[in-house]
Amino acid sequence: MTDKKCRWGVLGAAAIAMKNWDSIRNSGNGKLVAVASRSKERSEQFIDACQMSRPVADRPDAVEGYQTLLDRDDIDAVYVPLPTGLRKEWVIKAAQAGKHVMCEKPCAVSVADLREMIDACRENNVQFMDGVMYMHSKRLPAIRKVLDDENNLGQLRRIQTHFSFCAPEEFVQNNIRVSSELEPQGCVGDLGWYTIRMCLFVMNYQLPKTVSGRQLGEHGRADSPNPVPMEFVGELQFDGGVSAGFYNSFRTDHQQLVHVSGTKGNLQLHDFVLPYFGNELGFEVNKPVFNVDGCEFVMERHRTQHAVAEYSNNAPDAQEVNLFRNFSDLVLSGKVDPFWPEAALKTQIVMDACLESARQGGATIELTE
């Protein structure tokens, strides 16, 4: 056992960073050392708000300027929740400063940008990982076990994922996610990163052969150079006859559904991104039986409930805490795991191709890595 901790810095005072303040606090192997914003006053305000909600014994330093934080020698890793339009510059600078990088999603404006970011991390022997929390839940291995046993679903045929929320008017008019300069992929970047990643997870990270996408709605706040996607559907076609669809929207109420269909049954999960509050995370496998006897037509429900013991919200075993704990373990081990940048790159490849398809009126796009 060792008491050594991964020393964290945060680049930016985004709202999601408040959640992850608590994740680092509960990780056991990480410690938040400093928070940087464009002004020291903003950093102080962020730290004050977090200390009011979830205080830590050693108050992190408030830093003015992102480079100032990167120049410190008491930082091992940085969490980067900056707007997507700014991430490439600061991820590369962090890597060049020898800092391991956890990057919020979507990781980049384009595949080309993300390749540069990953290359910079590789060249400087630092870990790159995106901040997809559900990837670190105990529920995912349980789902994998069910999918890999053909007695459950049989041969896979269809994957359907939904993730949406109905944005209030203040969001629609002012949020950075409706600015093409800051978040050009709109709902596809903010929400589609999760649905696309889940499709790739189900398919063991096999890239689809072709993709298509359609934008169902768009909007930009007053200062946005262009509108961004507000509602979007995508279709993926894989080798072996498996298809996948995803729906993302800022215009429909909370949905976070996964439905995987096979020749023998289906798997359903209703809270795959943000688990419902509680101490258990579940999913179900359905194998209905349709019986016909003369004039009697009966559909029988045969359902198996699966669950893992895991809290939903920032507890020491919650997925967001596991994210930071697992990343800190990698940093402290001195090893770099290539899986994480590869998973991020594949997600970006699919996302970019779906957006390109939508710009071409839903044209089919063939994928290459």
# chains A, B, ... in the order shown; residues from 1 in each chain; ligands from 1

$ closest_atom_pairs --of "range 80-112 of chain A" --to "range 302-325 of chain A" --cutoff "12 Å" --atoms "only C-alpha atoms" --output "JSON lines"
{"residue": "A:Val101", "atom": "CA", "partner": "A:Phe324", "partner_atom": "CA", "distance": 11.3}
{"residue": "A:Met102", "atom": "CA", "partner": "A:Phe324", "partner_atom": "CA", "distance": 8.8}
{"residue": "A:Cys103", "atom": "CA", "partner": "A:Phe324", "partner_atom": "CA", "distance": 11.7}
{"residue": "A:Glu104", "atom": "CA", "partner": "A:Leu323", "partner_atom": "CA", "distance": 11.9}

$ write_last_selection --atoms "N, CA and C atoms" --output "CSV table (one decimal), in the first residue's frame"
chain,number,residue,atom,x,y,z
A,101,VAL,N,-3.7,13.9,-19.0
A,101,VAL,CA,-4.8,14.7,-19.4
A,101,VAL,C,-6.1,13.8,-19.3
A,102,MET,N,-7.1,14.3,-18.5
A,102,MET,CA,-8.5,13.9,-18.6
A,102,MET,C,-9.2,15.0,-19.3
A,103,CYS,N,-9.8,14.7,-20.4
A,103,CYS,CA,-10.5,15.6,-21.3
A,103,CYS,C,-12.0,15.4,-21.3
A,104,GLU,N,-12.7,16.5,-21.1
A,104,GLU,CA,-14.2,16.4,-21.2
A,104,GLU,C,-14.5,16.1,-22.7

$ residues_around --residues "Leu70 in chain A" --least-positions-apart "6" --cutoff "9 Å" --atoms "only C-alpha atoms" --output "list in words"
Gly9, Leu11, Val78, Lys93, Ala94, Ala97, Gly98 and Lys99 of chain A

$ atom_distance --atom1 "CA of Lys138 in chain A" --atom2 "CA of Met117 in chain A"
28.9 Å

$ residues_around --residues "Asp271 in chain A" --least-positions-apart "5" --cutoff "9 Å" --atoms "only C-alpha atoms" --output "list in words"
Gln255, Gln256, Leu257, Val258, Tyr276, Leu281, Gly282 and Phe283 of chain A

$ write_last_selection --atoms "N, CA, C and O atoms" --output "PDB file, in the first residue's frame"
ATOM      1  N   GLN A 255     -34.202  11.496 -21.424  1.00  0.00           N
ATOM      2  CA  GLN A 255     -34.176  10.104 -21.861  1.00  0.00           C
ATOM      3  C   GLN A 255     -32.721   9.670 -21.912  1.00  0.00           C
ATOM      4  O   GLN A 255     -31.871  10.403 -22.400  1.00  0.00           O
ATOM      5  N   GLN A 256     -32.454   8.473 -21.428  1.00  0.00           N
ATOM      6  CA  GLN A 256     -31.097   7.913 -21.534  1.00  0.00           C
ATOM      7  C   GLN A 256     -31.223   6.395 -21.641  1.00  0.00           C
ATOM      8  O   GLN A 256     -30.900   5.643 -20.755  1.00  0.00           O
ATOM      9  N   LEU A 257     -31.711   6.003 -22.796  1.00  0.00           N
ATOM     10  CA  LEU A 257     -32.141   4.627 -23.047  1.00  0.00           C
ATOM     11  C   LEU A 257     -31.145   3.884 -23.919  1.00  0.00           C
ATOM     12  O   LEU A 257     -30.627   4.418 -24.894  1.00  0.00           O
ATOM     13  N   VAL A 258     -30.906   2.627 -23.569  1.00  0.00           N
ATOM     14  CA  VAL A 258     -30.188   1.692 -24.430  1.00  0.00           C
ATOM     15  C   VAL A 258     -31.077   0.468 -24.625  1.00  0.00           C
ATOM     16  O   VAL A 258     -31.610  -0.075 -23.653  1.00  0.00           O
ATOM     17  N   TYR A 276     -30.125   6.544 -12.093  1.00  0.00           N
ATOM     18  CA  TYR A 276     -31.158   7.007 -11.170  1.00  0.00           C
ATOM     19  C   TYR A 276     -30.667   6.911  -9.738  1.00  0.00           C
ATOM     20  O   TYR A 276     -29.905   6.004  -9.386  1.00  0.00           O
ATOM     21  N   LEU A 281     -27.510  -0.234  -9.430  1.00  0.00           N
ATOM     22  CA  LEU A 281     -27.631   0.083 -10.846  1.00  0.00           C
ATOM     23  C   LEU A 281     -28.067  -1.177 -11.578  1.00  0.00           C
ATOM     24  O   LEU A 281     -27.443  -2.230 -11.446  1.00  0.00           O
ATOM     25  N   GLY A 282     -29.155  -1.047 -12.337  1.00  0.00           N
ATOM     26  CA  GLY A 282     -29.731  -2.243 -12.934  1.00  0.00           C
ATOM     27  C   GLY A 282     -29.918  -2.163 -14.436  1.00  0.00           C
ATOM     28  O   GLY A 282     -29.722  -1.129 -15.070  1.00  0.00           O
ATOM     29  N   PHE A 283     -30.282  -3.297 -15.007  1.00  0.00           N
ATOM     30  CA  PHE A 283     -30.730  -3.410 -16.385  1.00  0.00           C
ATOM     31  C   PHE A 283     -31.536  -4.696 -16.470  1.00  0.00           C
ATOM     32  O   PHE A 283     -31.578  -5.484 -15.520  1.00  0.00           O
TER      33      PHE A 283
END

$ closest_residue --among "A:Pro106, A:Gly234, A:Pro55, A:Gly12" --to "Ala34 in chain A" --atoms "only C-alpha atoms"
A:Gly12

$ select_by_dssp --residues "range 65-251 of chain A" --states "strand (DSSP E)" --output "mmCIF file with N, CA and C atoms, in the first residue's frame"
data_model
loop_
_atom_site.group_PDB
_atom_site.id
_atom_site.type_symbol
_atom_site.label_atom_id
_atom_site.label_comp_id
_atom_site.auth_asym_id
_atom_site.auth_seq_id
_atom_site.Cartn_x
_atom_site.Cartn_y
_atom_site.Cartn_z
ATOM 1 N N ALA A 77 -1.583 15.672 -13.046
ATOM 2 C CA ALA A 77 -2.629 15.467 -14.055
ATOM 3 C C ALA A 77 -3.557 16.663 -14.062
ATOM 4 N N VAL A 78 -4.152 16.912 -15.229
ATOM 5 C CA VAL A 78 -5.115 18.001 -15.342
ATOM 6 C C VAL A 78 -6.436 17.469 -15.896
ATOM 7 N N TYR A 79 -7.490 18.022 -15.374
ATOM 8 C CA TYR A 79 -8.830 17.791 -15.888
ATOM 9 C C TYR A 79 -9.192 19.021 -16.706
ATOM 10 N N VAL A 80 -9.648 18.792 -17.962
ATOM 11 C CA VAL A 80 -9.859 19.889 -18.910
ATOM 12 C C VAL A 80 -11.332 19.963 -19.298
ATOM 13 N N HIS A 100 -0.567 14.515 -17.323
ATOM 14 C CA HIS A 100 -1.554 13.566 -17.818
ATOM 15 C C HIS A 100 -2.882 14.306 -18.000
ATOM 16 N N VAL A 101 -3.679 13.876 -18.977
ATOM 17 C CA VAL A 101 -4.839 14.663 -19.394
ATOM 18 C C VAL A 101 -6.120 13.850 -19.340
ATOM 19 N N MET A 102 -7.072 14.329 -18.524
ATOM 20 C CA MET A 102 -8.453 13.868 -18.631
ATOM 21 C C MET A 102 -9.238 14.975 -19.312
ATOM 22 N N CYS A 103 -9.831 14.651 -20.450
ATOM 23 C CA CYS A 103 -10.463 15.635 -21.318
ATOM 24 C C CYS A 103 -11.976 15.433 -21.332
ATOM 25 N N PHE A 128 -3.977 9.922 -21.880
ATOM 26 C CA PHE A 128 -5.130 10.678 -22.361
ATOM 27 C C PHE A 128 -6.372 9.827 -22.126
ATOM 28 N N MET A 129 -7.404 10.452 -21.589
ATOM 29 C CA MET A 129 -8.672 9.751 -21.355
ATOM 30 C C MET A 129 -9.796 10.771 -21.451
ATOM 31 N N ASP A 130 -10.937 10.360 -22.022
ATOM 32 C CA ASP A 130 -12.096 11.245 -22.005
ATOM 33 C C ASP A 130 -12.931 10.996 -20.754
ATOM 34 N N LEU A 156 -26.704 -10.620 -32.137
ATOM 35 C CA LEU A 156 -27.130 -9.226 -32.107
ATOM 36 C C LEU A 156 -27.620 -8.790 -33.479
ATOM 37 N N ARG A 157 -28.666 -7.960 -33.470
ATOM 38 C CA ARG A 157 -29.211 -7.441 -34.717
ATOM 39 C C ARG A 157 -29.338 -5.907 -34.687
ATOM 40 N N ARG A 158 -29.699 -5.342 -33.540
ATOM 41 C CA ARG A 158 -30.024 -3.907 -33.506
ATOM 42 C C ARG A 158 -29.648 -3.303 -32.153
ATOM 43 N N ILE A 159 -29.078 -2.095 -32.216
ATOM 44 C CA ILE A 159 -28.780 -1.299 -31.028
ATOM 45 C C ILE A 159 -29.498 0.042 -31.195
ATOM 46 N N GLN A 160 -30.203 0.466 -30.161
ATOM 47 C CA GLN A 160 -30.872 1.767 -30.212
ATOM 48 C C GLN A 160 -30.530 2.531 -28.938
ATOM 49 N N THR A 161 -30.070 3.773 -29.088
ATOM 50 C CA THR A 161 -29.726 4.582 -27.927
ATOM 51 C C THR A 161 -30.378 5.954 -28.049
ATOM 52 N N HIS A 162 -30.822 6.478 -26.900
ATOM 53 C CA HIS A 162 -31.408 7.813 -26.821
ATOM 54 C C HIS A 162 -30.767 8.547 -25.650
ATOM 55 N N PHE A 163 -30.430 9.802 -25.848
ATOM 56 C CA PHE A 163 -30.023 10.659 -24.736
ATOM 57 C C PHE A 163 -30.460 12.071 -25.076
ATOM 58 N N SER A 164 -31.307 12.627 -24.215
ATOM 59 C CA SER A 164 -31.830 13.964 -24.484
ATOM 60 C C SER A 164 -32.232 14.644 -23.189
ATOM 61 N N THR A 210 -20.511 1.928 -42.438
ATOM 62 C CA THR A 210 -21.083 3.159 -42.975
ATOM 63 C C THR A 210 -21.908 3.841 -41.892
ATOM 64 N N VAL A 211 -22.077 5.144 -42.044
ATOM 65 C CA VAL A 211 -22.934 5.900 -41.136
ATOM 66 C C VAL A 211 -23.740 6.902 -41.953
ATOM 67 N N SER A 212 -24.827 7.353 -41.351
ATOM 68 C CA SER A 212 -25.582 8.470 -41.914
ATOM 69 C C SER A 212 -26.173 9.264 -40.758
ATOM 70 N N GLY A 213 -26.478 10.514 -41.007
ATOM 71 C CA GLY A 213 -27.050 11.367 -39.969
ATOM 72 C C GLY A 213 -28.001 12.385 -40.556
ATOM 73 N N ARG A 214 -28.968 12.778 -39.739
ATOM 74 C CA ARG A 214 -29.903 13.825 -40.150
ATOM 75 C C ARG A 214 -30.137 14.781 -38.991
ATOM 76 N N GLN A 215 -30.029 16.056 -39.317
ATOM 77 C CA GLN A 215 -30.281 17.102 -38.329
ATOM 78 C C GLN A 215 -31.755 17.467 -38.376
ATOM 79 N N LEU A 216 -32.441 17.294 -37.252
ATOM 80 C CA LEU A 216 -33.883 17.545 -37.193
ATOM 81 C C LEU A 216 -34.204 18.950 -36.720
ATOM 82 N N GLY A 217 -33.219 19.623 -36.140
ATOM 83 C CA GLY A 217 -33.436 20.988 -35.670
ATOM 84 C C GLY A 217 -32.108 21.637 -35.361
ATOM 85 N N GLU A 218 -32.043 22.955 -35.520
ATOM 86 C CA GLU A 218 -30.814 23.686 -35.246
ATOM 87 C C GLU A 218 -31.142 25.037 -34.642
ATOM 88 N N HIS A 219 -30.138 25.620 -33.992
ATOM 89 C CA HIS A 219 -30.316 26.935 -33.369
ATOM 90 C C HIS A 219 -28.944 27.455 -32.971
ATOM 91 N N VAL A 228 -26.189 25.409 -34.411
ATOM 92 C CA VAL A 228 -25.651 24.098 -34.045
ATOM 93 C C VAL A 228 -26.808 23.096 -33.987
ATOM 94 N N PRO A 229 -26.517 21.799 -34.081
ATOM 95 C CA PRO A 229 -27.590 20.803 -33.983
ATOM 96 C C PRO A 229 -28.307 20.859 -32.637
ATOM 97 N N MET A 230 -29.622 20.878 -32.679
ATOM 98 C CA MET A 230 -30.446 20.831 -31.473
ATOM 99 C C MET A 230 -31.174 19.499 -31.345
ATOM 100 N N GLU A 231 -31.336 18.801 -32.459
ATOM 101 C CA GLU A 231 -32.008 17.501 -32.471
ATOM 102 C C GLU A 231 -31.432 16.720 -33.646
ATOM 103 N N PHE A 232 -31.045 15.455 -33.399
ATOM 104 C CA PHE A 232 -30.250 14.739 -34.398
ATOM 105 C C PHE A 232 -30.516 13.245 -34.292
ATOM 106 N N VAL A 233 -30.526 12.575 -35.444
ATOM 107 C CA VAL A 233 -30.602 11.111 -35.475
ATOM 108 C C VAL A 233 -29.464 10.578 -36.331
ATOM 109 N N GLY A 234 -28.889 9.458 -35.925
ATOM 110 C CA GLY A 234 -27.826 8.829 -36.680
ATOM 111 C C GLY A 234 -28.068 7.349 -36.845
ATOM 112 N N GLU A 235 -27.520 6.789 -37.918
ATOM 113 C CA GLU A 235 -27.611 5.364 -38.200
ATOM 114 C C GLU A 235 -26.224 4.821 -38.502
ATOM 115 N N LEU A 236 -25.895 3.675 -37.916
ATOM 116 C CA LEU A 236 -24.611 3.022 -38.109
ATOM 117 C C LEU A 236 -24.862 1.610 -38.628
ATOM 118 N N GLN A 237 -24.067 1.183 -39.603
ATOM 119 C CA GLN A 237 -24.167 -0.169 -40.148
ATOM 120 C C GLN A 237 -22.839 -0.889 -39.931
ATOM 121 N N SER A 243 -27.123 -3.282 -36.997
ATOM 122 C CA SER A 243 -27.329 -1.847 -37.217
ATOM 123 C C SER A 243 -27.527 -1.168 -35.867
ATOM 124 N N ALA A 244 -27.269 0.137 -35.830
ATOM 125 C CA ALA A 244 -27.435 0.906 -34.594
ATOM 126 C C ALA A 244 -27.991 2.269 -34.945
ATOM 127 N N GLY A 245 -28.843 2.762 -34.072
ATOM 128 C CA GLY A 245 -29.385 4.104 -34.235
ATOM 129 C C GLY A 245 -29.229 4.890 -32.955
ATOM 130 N N PHE A 246 -29.056 6.198 -33.095
ATOM 131 C CA PHE A 246 -29.009 7.040 -31.903
ATOM 132 C C PHE A 246 -29.820 8.305 -32.130
ATOM 133 N N TYR A 247 -30.375 8.823 -31.036
ATOM 134 C CA TYR A 247 -31.173 10.045 -31.057
ATOM 135 C C TYR A 247 -30.686 10.938 -29.938
ATOM 136 N N ASN A 248 -30.389 12.192 -30.288
ATOM 137 C CA ASN A 248 -29.956 13.170 -29.297
ATOM 138 C C ASN A 248 -30.716 14.466 -29.500
ATOM 139 N N SER A 249 -31.065 15.110 -28.393
ATOM 140 C CA SER A 249 -31.883 16.308 -28.534
ATOM 141 C C SER A 249 -31.796 17.189 -27.300
#

$ select_by_dssp --residues "range 256-357 of chain A" --states "alpha helix (DSSP H)" --output "PyMOL selection string"
chain A and resi 319-333+339-357

$ write_last_selection --atoms "N, CA and C atoms" --output "tab-separated table (two decimals), in the first residue's frame"
chain	number	residue	atom	x	y	z
A	319	GLN	N	-19.70	5.91	-10.31
A	319	GLN	CA	-18.94	5.83	-11.55
A	319	GLN	C	-18.03	7.04	-11.76
A	320	GLU	N	-18.48	8.24	-11.36
A	320	GLU	CA	-17.65	9.42	-11.55
A	320	GLU	C	-16.42	9.40	-10.66
A	321	VAL	N	-16.57	8.82	-9.47
A	321	VAL	CA	-15.42	8.67	-8.57
A	321	VAL	C	-14.47	7.60	-9.11
A	322	ASN	N	-15.05	6.51	-9.62
A	322	ASN	CA	-14.22	5.46	-10.24
A	322	ASN	C	-13.42	6.00	-11.42
A	323	LEU	N	-14.00	6.92	-12.18
A	323	LEU	CA	-13.29	7.54	-13.30
A	323	LEU	C	-11.99	8.18	-12.83
A	324	PHE	N	-12.08	9.00	-11.78
A	324	PHE	CA	-10.88	9.68	-11.30
A	324	PHE	C	-9.95	8.73	-10.55
A	325	ARG	N	-10.53	7.76	-9.88
A	325	ARG	CA	-9.68	6.77	-9.18
A	325	ARG	C	-8.89	5.94	-10.19
A	326	ASN	N	-9.56	5.49	-11.24
A	326	ASN	CA	-8.88	4.67	-12.25
A	326	ASN	C	-7.81	5.46	-12.98
A	327	PHE	N	-8.12	6.72	-13.28
A	327	PHE	CA	-7.12	7.56	-13.95
A	327	PHE	C	-5.92	7.79	-13.03
A	328	SER	N	-6.19	8.10	-11.77
A	328	SER	CA	-5.10	8.32	-10.82
A	328	SER	C	-4.25	7.07	-10.66
A	329	ASP	N	-4.88	5.90	-10.66
A	329	ASP	CA	-4.12	4.65	-10.59
A	329	ASP	C	-3.13	4.54	-11.75
A	330	LEU	N	-3.59	4.90	-12.96
A	330	LEU	CA	-2.70	4.86	-14.12
A	330	LEU	C	-1.53	5.82	-13.94
A	331	VAL	N	-1.83	7.02	-13.50
A	331	VAL	CA	-0.77	8.02	-13.30
A	331	VAL	C	0.25	7.51	-12.28
A	332	LEU	N	-0.24	6.98	-11.17
A	332	LEU	CA	0.66	6.54	-10.10
A	332	LEU	C	1.44	5.29	-10.50
A	333	SER	N	0.88	4.51	-11.43
A	333	SER	CA	1.56	3.28	-11.88
A	333	SER	C	2.71	3.58	-12.82
A	339	PHE	N	-5.83	1.99	-24.63
A	339	PHE	CA	-7.25	1.79	-24.92
A	339	PHE	C	-8.02	3.11	-24.91
A	340	TRP	N	-7.74	3.96	-23.95
A	340	TRP	CA	-8.57	5.15	-23.75
A	340	TRP	C	-8.47	6.15	-24.90
A	341	PRO	N	-7.27	6.52	-25.37
A	341	PRO	CA	-7.25	7.40	-26.54
A	341	PRO	C	-7.84	6.75	-27.79
A	342	GLU	N	-7.68	5.42	-27.93
A	342	GLU	CA	-8.26	4.74	-29.09
A	342	GLU	C	-9.78	4.79	-29.05
A	343	ALA	N	-10.37	4.59	-27.88
A	343	ALA	CA	-11.83	4.65	-27.75
A	343	ALA	C	-12.35	6.05	-28.06
A	344	ALA	N	-11.64	7.06	-27.57
A	344	ALA	CA	-12.03	8.44	-27.84
A	344	ALA	C	-11.95	8.75	-29.34
A	345	LEU	N	-10.88	8.30	-29.97
A	345	LEU	CA	-10.69	8.57	-31.40
A	345	LEU	C	-11.78	7.90	-32.23
A	346	LYS	N	-12.13	6.67	-31.91
A	346	LYS	CA	-13.19	5.99	-32.65
A	346	LYS	C	-14.53	6.70	-32.47
A	347	THR	N	-14.79	7.19	-31.26
A	347	THR	CA	-16.03	7.94	-31.03
A	347	THR	C	-16.06	9.20	-31.87
A	348	GLN	N	-14.94	9.90	-31.92
A	348	GLN	CA	-14.85	11.14	-32.71
A	348	GLN	C	-15.01	10.83	-34.20
A	349	ILE	N	-14.42	9.74	-34.68
A	349	ILE	CA	-14.53	9.37	-36.08
A	349	ILE	C	-16.00	9.17	-36.47
A	350	VAL	N	-16.74	8.43	-35.65
A	350	VAL	CA	-18.15	8.17	-35.95
A	350	VAL	C	-18.95	9.47	-35.87
A	351	MET	N	-18.72	10.26	-34.82
A	351	MET	CA	-19.46	11.51	-34.66
A	351	MET	C	-19.24	12.46	-35.83
A	352	ASP	N	-17.98	12.65	-36.21
A	352	ASP	CA	-17.68	13.56	-37.31
A	352	ASP	C	-18.33	13.09	-38.61
A	353	ALA	N	-18.31	11.77	-38.85
A	353	ALA	CA	-18.90	11.25	-40.09
A	353	ALA	C	-20.41	11.43	-40.11
A	354	CYS	N	-21.06	11.25	-38.98
A	354	CYS	CA	-22.51	11.47	-38.91
A	354	CYS	C	-22.86	12.93	-39.17
A	355	LEU	N	-22.07	13.85	-38.63
A	355	LEU	CA	-22.30	15.26	-38.88
A	355	LEU	C	-22.06	15.62	-40.35
A	356	GLU	N	-21.02	15.03	-40.94
A	356	GLU	CA	-20.76	15.26	-42.35
A	356	GLU	C	-21.90	14.74	-43.21
A	357	SER	N	-22.43	13.58	-42.85
A	357	SER	CA	-23.58	13.04	-43.57
A	357	SER	C	-24.75	14.00	-43.53

$ closest_residue --among "A:Leu140, A:Asn291, A:Val10, A:Trp90" --to "Gln67 in chain A" --atoms "only C-alpha atoms"
A:Trp90

$ residues_around --residues "Arg42 in chain A" --least-positions-apart "5" --cutoff "12 Å" --atoms "only C-alpha atoms" --output "list in words"
Leu11, Gly12, Ala13, Ala14, Val35, Ala36, Ser37, Ile47, Asp48, Ala49, Ala62, Val63, Glu64 and Gly65 of chain A

$ write_last_selection --atoms "C-alpha atoms" --output "PDB file, in the first residue's frame"
ATOM      1  CA  LEU A  11      -8.254  24.033 -16.271  1.00  0.00           C
ATOM      2  CA  GLY A  12     -11.487  26.014 -16.225  1.00  0.00           C
ATOM      3  CA  ALA A  13     -14.315  26.624 -13.789  1.00  0.00           C
ATOM      4  CA  ALA A  14     -17.120  24.876 -15.684  1.00  0.00           C
ATOM      5  CA  VAL A  35      -7.867  25.429 -10.110  1.00  0.00           C
ATOM      6  CA  ALA A  36      -7.116  27.815 -12.966  1.00  0.00           C
ATOM      7  CA  SER A  37      -9.413  30.241 -14.720  1.00  0.00           C
ATOM      8  CA  ILE A  47     -13.277  27.108  -5.008  1.00  0.00           C
ATOM      9  CA  ASP A  48     -15.490  28.981  -2.527  1.00  0.00           C
ATOM     10  CA  ALA A  49     -18.632  27.418  -4.025  1.00  0.00           C
ATOM     11  CA  ALA A  62      -6.670  29.670  -7.089  1.00  0.00           C
ATOM     12  CA  VAL A  63      -4.609  30.321 -10.212  1.00  0.00           C
ATOM     13  CA  GLU A  64      -4.915  33.020 -12.847  1.00  0.00           C
ATOM     14  CA  GLY A  65      -4.252  31.636 -16.320  1.00  0.00           C
TER      15      GLY A  65
END

$ closest_residue --among "A:Val33, A:Val132, A:Ile24, A:Ala112" --to "Val273 in chain A" --atoms "only C-alpha atoms"
A:Val132

$ atom_distance --atom1 "CA of Gln127 in chain A" --atom2 "CA of Ile16 in chain A"
20.9 Å

$ atom_distance --atom1 "CA of Leu82 in chain A" --atom2 "CA of Pro275 in chain A"
24.4 Å

$ closest_residue --among "A:Arg221, A:Arg139, A:Arg359, A:Arg251" --to "Phe272 in chain A" --atoms "only C-alpha atoms"
A:Arg139
